[in-house]
file query15.cif (mmCIF, C-alpha atoms)
data_protein
#
loop_
_atom_site.group_PDB
_atom_site.id
_atom_site.type_symbol
_atom_site.label_atom_id
_atom_site.label_comp_id
_atom_site.auth_asym_id
_atom_site.auth_seq_id
_atom_site.Cartn_x
_atom_site.Cartn_y
_atom_site.Cartn_z
ATOM 1 C CA MET A 70 -10.616 10.542 -7.822
ATOM 2 C CA THR A 71 -6.977 10.355 -6.717
ATOM 3 C CA LEU A 72 -6.069 6.917 -5.396
ATOM 4 C CA ILE A 73 -3.285 5.846 -3.069
ATOM 5 C CA VAL A 74 -1.647 2.415 -3.020
ATOM 6 C CA HIS A 75 -0.335 -0.071 -0.488
ATOM 7 C CA ILE A 76 1.974 -3.021 -1.187
ATOM 8 C CA THR A 77 1.235 -6.299 0.573
ATOM 9 C CA SER A 78 1.276 -10.053 0.139
ATOM 10 C CA PRO A 79 -1.633 -12.075 -1.221
ATOM 11 C CA ALA A 80 -1.742 -13.905 2.130
ATOM 12 C CA GLN A 81 -2.148 -10.651 4.079
ATOM 13 C CA TRP A 82 -4.891 -9.539 1.694
ATOM 14 C CA LEU A 83 -6.682 -12.888 2.097
ATOM 15 C CA GLN A 84 -6.425 -12.527 5.890
ATOM 16 C CA ALA A 85 -7.912 -9.039 5.655
ATOM 17 C CA ARG A 86 -10.844 -10.300 3.624
ATOM 18 C CA GLN A 87 -11.472 -12.997 6.235
ATOM 19 C CA ASN A 88 -11.209 -10.472 9.097
ATOM 20 C CA GLY A 89 -13.263 -7.772 7.404
ATOM 21 C CA GLU A 90 -10.493 -5.152 7.693
ATOM 22 C CA TYR A 91 -6.818 -4.804 6.796
ATOM 23 C CA CYS A 92 -4.060 -4.634 9.395
ATOM 24 C CA CYS A 93 -0.327 -5.104 8.916
ATOM 25 C CA ALA A 94 2.788 -5.210 11.087
ATOM 26 C CA SER A 95 3.606 -1.530 10.518
ATOM 27 C CA LEU A 96 0.351 -0.507 12.194
ATOM 28 C CA LEU A 97 1.655 -2.144 15.368
ATOM 29 C CA THR A 98 5.319 -1.095 15.045
ATOM 30 C CA ASP A 99 5.046 2.352 13.423
ATOM 31 C CA GLY A 100 1.479 3.248 14.378
ATOM 32 C CA PHE A 101 0.250 3.474 10.779
ATOM 33 C CA ILE A 102 -0.127 1.620 7.496
ATOM 34 C CA HIS A 103 2.376 2.802 4.899
ATOM 35 C CA ALA A 104 0.903 3.910 1.585
ATOM 36 C CA SER A 105 2.077 5.960 -1.353
ATOM 37 C CA LYS A 106 0.931 7.845 -4.392
ATOM 38 C CA PRO A 107 0.867 5.520 -7.422
ATOM 39 C CA GLU A 108 3.828 7.322 -8.984
ATOM 40 C CA GLN A 109 5.885 6.558 -5.847
ATOM 41 C CA ALA A 110 5.108 2.815 -5.748
ATOM 42 C CA ILE A 111 7.928 1.603 -8.022
ATOM 43 C CA ALA A 112 10.611 3.360 -5.955
ATOM 44 C CA VAL A 113 9.055 2.158 -2.694
ATOM 45 C CA ALA A 114 8.851 -1.419 -3.952
ATOM 46 C CA ASN A 115 12.463 -1.458 -5.109
ATOM 47 C CA ARG A 116 13.631 0.049 -1.825
ATOM 48 C CA PHE A 117 11.686 -2.171 0.583
ATOM 49 C CA TYR A 118 10.567 -5.262 -1.381
ATOM 50 C CA SER A 119 13.589 -5.942 -3.593
ATOM 51 C CA GLY A 120 13.649 -9.539 -4.829
ATOM 52 C CA GLN A 121 10.095 -10.306 -3.689
ATOM 53 C CA SER A 122 7.803 -11.302 -6.495
ATOM 54 C CA ASP A 123 4.609 -12.511 -4.840
ATOM 55 C CA LEU A 124 3.027 -9.164 -3.982
ATOM 56 C CA VAL A 125 -0.186 -7.307 -4.675
ATOM 57 C CA LEU A 126 -0.997 -3.653 -4.881
ATOM 58 C CA LEU A 127 -4.077 -2.400 -3.033
ATOM 59 C CA TRP A 128 -5.658 0.571 -4.795
ATOM 60 C CA ILE A 129 -7.313 2.706 -2.107
ATOM 61 C CA ASN A 130 -9.824 5.530 -2.394
ATOM 62 C CA PRO A 131 -8.751 7.855 0.452
ATOM 63 C CA ALA A 132 -12.220 9.438 0.593
ATOM 64 C CA ARG A 133 -13.573 6.065 1.776
ATOM 65 C CA VAL A 134 -10.915 5.383 4.439
ATOM 66 C CA ARG A 135 -12.432 5.652 7.910
ATOM 67 C CA ALA A 136 -9.095 5.950 9.737
ATOM 68 C CA GLU A 137 -7.167 9.197 9.705
ATOM 69 C CA ILE A 138 -4.783 9.697 6.773
ATOM 70 C CA ARG A 139 -1.838 12.001 7.388
ATOM 71 C CA TRP A 140 0.379 13.179 4.522
ATOM 72 C CA GLU A 141 3.834 13.133 6.064
ATOM 73 C CA THR A 142 7.248 14.031 4.699
ATOM 74 C CA VAL A 143 9.896 11.314 4.622
ATOM 75 C CA LEU A 144 13.312 12.966 4.486
ATOM 76 C CA ASP A 145 14.819 12.822 0.977
ATOM 77 C CA HIS A 146 11.885 10.757 -0.359
ATOM 78 C CA GLY A 147 8.828 13.006 -0.537
ATOM 79 C CA THR A 148 5.423 13.152 1.100
ATOM 80 C CA PHE A 149 3.505 9.930 1.720
ATOM 81 C CA PRO A 150 0.011 9.069 2.969
ATOM 82 C CA HIS A 151 0.027 7.179 6.264
ATOM 83 C CA ILE A 152 -3.157 5.476 7.439
ATOM 84 C CA TYR A 153 -3.490 5.725 11.230
ATOM 85 C CA GLY A 154 -5.731 2.761 11.907
ATOM 86 C CA ARG A 155 -7.093 -0.380 10.357
ATOM 87 C CA LEU A 156 -8.126 -0.114 6.730
ATOM 88 C CA ASN A 157 -11.793 -0.719 5.978
ATOM 89 C CA LEU A 158 -12.120 -3.016 2.967
ATOM 90 C CA ASP A 159 -14.699 -0.915 1.142
ATOM 91 C CA ALA A 160 -11.960 1.717 0.652
ATOM 92 C CA VAL A 161 -10.008 -0.775 -1.500
ATOM 93 C CA VAL A 162 -11.266 -0.270 -5.055
ATOM 94 C CA GLY A 163 -8.913 -2.727 -6.748
ATOM 95 C CA VAL A 164 -6.185 -5.294 -6.171
ATOM 96 C CA THR A 165 -3.547 -6.066 -8.783
ATOM 97 C CA PRO A 166 -0.537 -8.404 -8.876
ATOM 98 C CA PHE A 167 2.697 -6.452 -8.423
ATOM 99 C CA VAL A 168 5.564 -8.377 -9.993
ATOM 100 C CA THR A 169 9.199 -7.824 -10.845
ATOM 101 C CA ASN A 170 11.067 -8.284 -14.090
ATOM 102 C CA ALA A 171 13.422 -11.254 -14.602
ATOM 103 C CA GLN A 172 16.147 -9.433 -12.642
ATOM 104 C CA GLY A 173 13.910 -8.962 -9.600
ATOM 105 C CA VAL A 174 13.335 -5.240 -10.207
ATOM 106 C CA PHE A 175 9.957 -3.516 -10.139
ATOM 107 C CA GLU A 176 9.580 -1.532 -13.354
ATOM 108 C CA VAL A 177 5.917 -1.283 -14.260
ATOM 109 C CA LEU A 178 2.985 -0.231 -12.133
ATOM 110 C CA PRO A 179 0.075 -2.577 -12.816
ATOM 111 C CA PRO A 180 -3.015 -0.805 -14.088
ATOM 112 C CA LEU A 181 -6.083 -0.548 -11.926
ATOM 113 C CA PRO A 182 -8.455 -3.355 -13.006
#
call {"tool": "encode", "arguments": {"input": "query15.cif", "output": "structure tokens"}}
result
Amino acid sequence: MTLIVHITSPAQWLQARQNGEYCCASLLTDGFIHASKPEQAIAVANRFYSGQSDLVLLWINPARVRAEIRWETVLDHGTFPHIYGRLNLDAVVGVTPFVTNAQGVFEVLPPLP
């Protein structure tokens, strides 16, 4: 099973659990939920979440996602999975804290629990 990951805040994850599905701002602004392959997560986190330390990583089984997933190329950065719709919670197979080092840099991908 090849998993994909999504970076979010604990508060957004809590809201998703209360709502029964996950939605974030990018679904409204970009039309999809940004995700990545696990090996891309460190670079993504350092590019878009620099200095933020209170984050979690959602580990997602794409075979369980009900919304369409499109693998799209981002110029000079590779191909990424984009989820075109709300994320059903049963597709999330794990949630792990995603923290920085003392300098505010993401270095280590947390293991799937």
call {"tool": "closest_residue", "arguments": {"input": "query15.cif", "among": "A:Ser122, A:Asn115, A:Asn88, A:Asn157", "to": "Ile102 (chain A)", "atoms": "only C-alpha atoms"}}
result
A:Asn157
call {"tool": "residues_near_point", "arguments": {"input": "query15.cif", "point": "(8.4, -4.1, -12.7)", "cutoff": "12 Å", "atoms": "all atoms listed in the file", "output": "list in words"}}
result
Ala110, Ile111, Ala112, Val113, Ala114, Asn115, Tyr118, Ser119, Gly120, Gln121, Ser122, Leu124, Pro166, Phe167, Val168, Thr169, Asn170, Ala171, Gln172, Gly173, Val174, Phe175, Glu176, Val177, Leu178, Pro179 and Pro180 of chain A
call {"tool": "closest_residue", "arguments": {"input": "query15.cif", "among": "A:Ile129, A:Ile152, A:Leu158, A:Val74", "to": "Ser95 (chain A)", "atoms": "only C-alpha atoms"}}
result
A:Ile152
call {"tool": "resolve_selection", "arguments": {"input": "query15.cif", "expression": "the PyMOL selection byres ((chain A and resi 136-151) around 8)", "output": "number ranges by chain"}}
result
A: 73, 101-106, 131, 134-135, 152-156
call {"tool": "write_last_selection", "arguments": {"input": "query15.cif", "atoms": "C-alpha atoms", "output": "PDB file, keeping the file's coordinate frame"}}
result
ATOM      1  CA  ILE A  73      -3.285   5.846  -3.069  1.00  0.00           C
ATOM      2  CA  PHE A 101       0.250   3.474  10.779  1.00  0.00           C
ATOM      3  CA  ILE A 102      -0.127   1.620   7.496  1.00  0.00           C
ATOM      4  CA  HIS A 103       2.376   2.802   4.899  1.00  0.00           C
ATOM      5  CA  ALA A 104       0.903   3.910   1.585  1.00  0.00           C
ATOM      6  CA  SER A 105       2.077   5.960  -1.353  1.00  0.00           C
ATOM      7  CA  LYS A 106       0.931   7.845  -4.392  1.00  0.00           C
ATOM      8  CA  PRO A 131      -8.751   7.855   0.452  1.00  0.00           C
ATOM      9  CA  VAL A 134     -10.915   5.383   4.439  1.00  0.00           C
ATOM     10  CA  ARG A 135     -12.432   5.652   7.910  1.00  0.00           C
ATOM     11  CA  ILE A 152      -3.157   5.476   7.439  1.00  0.00           C
ATOM     12  CA  TYR A 153      -3.490   5.725  11.230  1.00  0.00           C
ATOM     13  CA  GLY A 154      -5.731   2.761  11.907  1.00  0.00           C
ATOM     14  CA  ARG A 155      -7.093  -0.380  10.357  1.00  0.00           C
ATOM     15  CA  LEU A 156      -8.126  -0.114   6.730  1.00  0.00           C
TER      16      LEU A 156
END
call {"tool": "atom_distance", "arguments": {"input": "query15.cif", "atom1": "CA of Ala160 (chain A)", "atom2": "CA of Leu96 (chain A)"}}
result
17.0 Å
call {"tool": "atom_distance", "arguments": {"input": "query15.cif", "atom1": "CA of Leu97 (chain A)", "atom2": "CA of Leu72 (chain A)"}}
result
23.9 Å
call {"tool": "closest_residue", "arguments": {"input": "query15.cif", "among": "A:Val162, A:Ala94, A:Ala85, A:Ile76", "to": "Asn130 (chain A)", "atoms": "all atoms listed in the file"}}
result
A:Val162
call {"tool": "resolve_selection", "arguments": {"input": "query15.cif", "expression": "the PyMOL selection byres ((chain A and resi 82) around 10)", "output": "number ranges by chain"}}
result
A: 76-81, 83-88, 90-93, 124-127, 158, 164
call {"tool": "atom_distance", "arguments": {"input": "query15.cif", "atom1": "CA of Arg116 (chain A)", "atom2": "CA of Asp159 (chain A)"}}
result
28.5 Å
call {"tool": "decode", "arguments": {"input": "query15.cif", "residues": "region 85-117 of chain A", "atoms": "N, CA and C atoms", "output": "PDB file, in the first residue's frame"}}
result
ATOM      1  N   ALA A  85     -12.277  18.362  11.541  1.00  0.00           N
ATOM      2  CA  ALA A  85     -12.662  17.319  10.586  1.00  0.00           C
ATOM      3  C   ALA A  85     -13.328  16.157  11.305  1.00  0.00           C
ATOM      4  N   ARG A  86     -12.755  15.753  12.419  1.00  0.00           N
ATOM      5  CA  ARG A  86     -13.331  14.639  13.170  1.00  0.00           C
ATOM      6  C   ARG A  86     -14.727  14.999  13.684  1.00  0.00           C
ATOM      7  N   GLN A  87     -14.940  16.238  14.034  1.00  0.00           N
ATOM      8  CA  GLN A  87     -16.268  16.666  14.491  1.00  0.00           C
ATOM      9  C   GLN A  87     -17.253  16.732  13.330  1.00  0.00           C
ATOM     10  N   ASN A  88     -16.762  17.110  12.143  1.00  0.00           N
ATOM     11  CA  ASN A  88     -17.624  17.246  10.960  1.00  0.00           C
ATOM     12  C   ASN A  88     -17.836  15.932  10.215  1.00  0.00           C
ATOM     13  N   GLY A  89     -16.961  14.963  10.449  1.00  0.00           N
ATOM     14  CA  GLY A  89     -17.073  13.692   9.760  1.00  0.00           C
ATOM     15  C   GLY A  89     -16.380  13.643   8.410  1.00  0.00           C
ATOM     16  N   GLU A  90     -15.700  14.727   8.030  1.00  0.00           N
ATOM     17  CA  GLU A  90     -14.917  14.777   6.795  1.00  0.00           C
ATOM     18  C   GLU A  90     -13.944  15.940   6.894  1.00  0.00           C
ATOM     19  N   TYR A  91     -12.864  15.877   6.106  1.00  0.00           N
ATOM     20  CA  TYR A  91     -11.831  16.901   6.163  1.00  0.00           C
ATOM     21  C   TYR A  91     -11.966  17.862   4.991  1.00  0.00           C
ATOM     22  N   CYS A  92     -11.917  19.149   5.312  1.00  0.00           N
ATOM     23  CA  CYS A  92     -11.940  20.212   4.315  1.00  0.00           C
ATOM     24  C   CYS A  92     -10.940  21.270   4.771  1.00  0.00           C
ATOM     25  N   CYS A  93     -10.248  21.883   3.834  1.00  0.00           N
ATOM     26  CA  CYS A  93      -9.313  22.945   4.199  1.00  0.00           C
ATOM     27  C   CYS A  93      -9.473  24.102   3.219  1.00  0.00           C
ATOM     28  N   ALA A  94      -8.805  25.202   3.514  1.00  0.00           N
ATOM     29  CA  ALA A  94      -8.943  26.420   2.712  1.00  0.00           C
ATOM     30  C   ALA A  94      -8.579  26.188   1.241  1.00  0.00           C
ATOM     31  N   SER A  95      -7.574  25.352   0.975  1.00  0.00           N
ATOM     32  CA  SER A  95      -7.160  25.158  -0.413  1.00  0.00           C
ATOM     33  C   SER A  95      -8.245  24.498  -1.272  1.00  0.00           C
ATOM     34  N   LEU A  96      -9.135  23.751  -0.644  1.00  0.00           N
ATOM     35  CA  LEU A  96     -10.235  23.158  -1.408  1.00  0.00           C
ATOM     36  C   LEU A  96     -11.130  24.261  -1.967  1.00  0.00           C
ATOM     37  N   LEU A  97     -11.288  25.328  -1.197  1.00  0.00           N
ATOM     38  CA  LEU A  97     -12.109  26.456  -1.646  1.00  0.00           C
ATOM     39  C   LEU A  97     -11.344  27.377  -2.594  1.00  0.00           C
ATOM     40  N   THR A  98     -10.052  27.622  -2.324  1.00  0.00           N
ATOM     41  CA  THR A  98      -9.292  28.566  -3.143  1.00  0.00           C
ATOM     42  C   THR A  98      -8.679  27.931  -4.391  1.00  0.00           C
ATOM     43  N   ASP A  99      -8.162  26.714  -4.263  1.00  0.00           N
ATOM     44  CA  ASP A  99      -7.485  26.053  -5.380  1.00  0.00           C
ATOM     45  C   ASP A  99      -8.340  24.970  -6.034  1.00  0.00           C
ATOM     46  N   GLY A 100      -9.388  24.546  -5.353  1.00  0.00           N
ATOM     47  CA  GLY A 100     -10.259  23.505  -5.882  1.00  0.00           C
ATOM     48  C   GLY A 100      -9.848  22.102  -5.491  1.00  0.00           C
ATOM     49  N   PHE A 101      -8.812  21.971  -4.665  1.00  0.00           N
ATOM     50  CA  PHE A 101      -8.348  20.649  -4.238  1.00  0.00           C
ATOM     51  C   PHE A 101      -7.589  20.754  -2.923  1.00  0.00           C
ATOM     52  N   ILE A 102      -7.413  19.594  -2.292  1.00  0.00           N
ATOM     53  CA  ILE A 102      -6.601  19.480  -1.084  1.00  0.00           C
ATOM     54  C   ILE A 102      -5.211  19.054  -1.520  1.00  0.00           C
ATOM     55  N   HIS A 103      -4.210  19.826  -1.122  1.00  0.00           N
ATOM     56  CA  HIS A 103      -2.824  19.504  -1.458  1.00  0.00           C
ATOM     57  C   HIS A 103      -2.364  18.285  -0.664  1.00  0.00           C
ATOM     58  N   ALA A 104      -1.683  17.391  -1.317  1.00  0.00           N
ATOM     59  CA  ALA A 104      -1.076  16.235  -0.662  1.00  0.00           C
ATOM     60  C   ALA A 104       0.275  15.992  -1.328  1.00  0.00           C
ATOM     61  N   SER A 105       1.001  15.050  -0.793  1.00  0.00           N
ATOM     62  CA  SER A 105       2.302  14.723  -1.380  1.00  0.00           C
ATOM     63  C   SER A 105       2.641  13.274  -1.095  1.00  0.00           C
ATOM     64  N   LYS A 106       3.663  12.793  -1.791  1.00  0.00           N
ATOM     65  CA  LYS A 106       4.235  11.504  -1.450  1.00  0.00           C
ATOM     66  C   LYS A 106       5.028  11.717  -0.158  1.00  0.00           C
ATOM     67  N   PRO A 107       5.148  10.706   0.693  1.00  0.00           N
ATOM     68  CA  PRO A 107       5.887  10.900   1.941  1.00  0.00           C
ATOM     69  C   PRO A 107       7.288  11.475   1.739  1.00  0.00           C
ATOM     70  N   GLU A 108       7.978  11.038   0.702  1.00  0.00           N
ATOM     71  CA  GLU A 108       9.339  11.528   0.474  1.00  0.00           C
ATOM     72  C   GLU A 108       9.386  12.997   0.041  1.00  0.00           C
ATOM     73  N   GLN A 109       8.244  13.583  -0.293  1.00  0.00           N
ATOM     74  CA  GLN A 109       8.172  14.994  -0.658  1.00  0.00           C
ATOM     75  C   GLN A 109       7.794  15.885   0.520  1.00  0.00           C
ATOM     76  N   ALA A 110       7.336  15.301   1.613  1.00  0.00           N
ATOM     77  CA  ALA A 110       6.746  16.073   2.722  1.00  0.00           C
ATOM     78  C   ALA A 110       7.720  17.029   3.398  1.00  0.00           C
ATOM     79  N   ILE A 111       8.964  16.649   3.576  1.00  0.00           N
ATOM     80  CA  ILE A 111       9.939  17.524   4.233  1.00  0.00           C
ATOM     81  C   ILE A 111      10.142  18.796   3.410  1.00  0.00           C
ATOM     82  N   ALA A 112      10.345  18.651   2.109  1.00  0.00           N
ATOM     83  CA  ALA A 112      10.536  19.826   1.250  1.00  0.00           C
ATOM     84  C   ALA A 112       9.294  20.703   1.227  1.00  0.00           C
ATOM     85  N   VAL A 113       8.129  20.093   1.154  1.00  0.00           N
ATOM     86  CA  VAL A 113       6.871  20.856   1.158  1.00  0.00           C
ATOM     87  C   VAL A 113       6.721  21.618   2.475  1.00  0.00           C
ATOM     88  N   ALA A 114       6.980  20.952   3.572  1.00  0.00           N
ATOM     89  CA  ALA A 114       6.846  21.594   4.883  1.00  0.00           C
ATOM     90  C   ALA A 114       7.796  22.775   5.026  1.00  0.00           C
ATOM     91  N   ASN A 115       9.031  22.606   4.599  1.00  0.00           N
ATOM     92  CA  ASN A 115       9.993  23.704   4.717  1.00  0.00           C
ATOM     93  C   ASN A 115       9.683  24.850   3.767  1.00  0.00           C
ATOM     94  N   ARG A 116       9.031  24.552   2.665  1.00  0.00           N
ATOM     95  CA  ARG A 116       8.671  25.610   1.710  1.00  0.00           C
ATOM     96  C   ARG A 116       7.434  26.395   2.153  1.00  0.00           C
ATOM     97  N   PHE A 117       6.432  25.695   2.685  1.00  0.00           N
ATOM     98  CA  PHE A 117       5.152  26.349   2.964  1.00  0.00           C
ATOM     99  C   PHE A 117       4.825  26.522   4.448  1.00  0.00           C
TER     100      PHE A 117
END
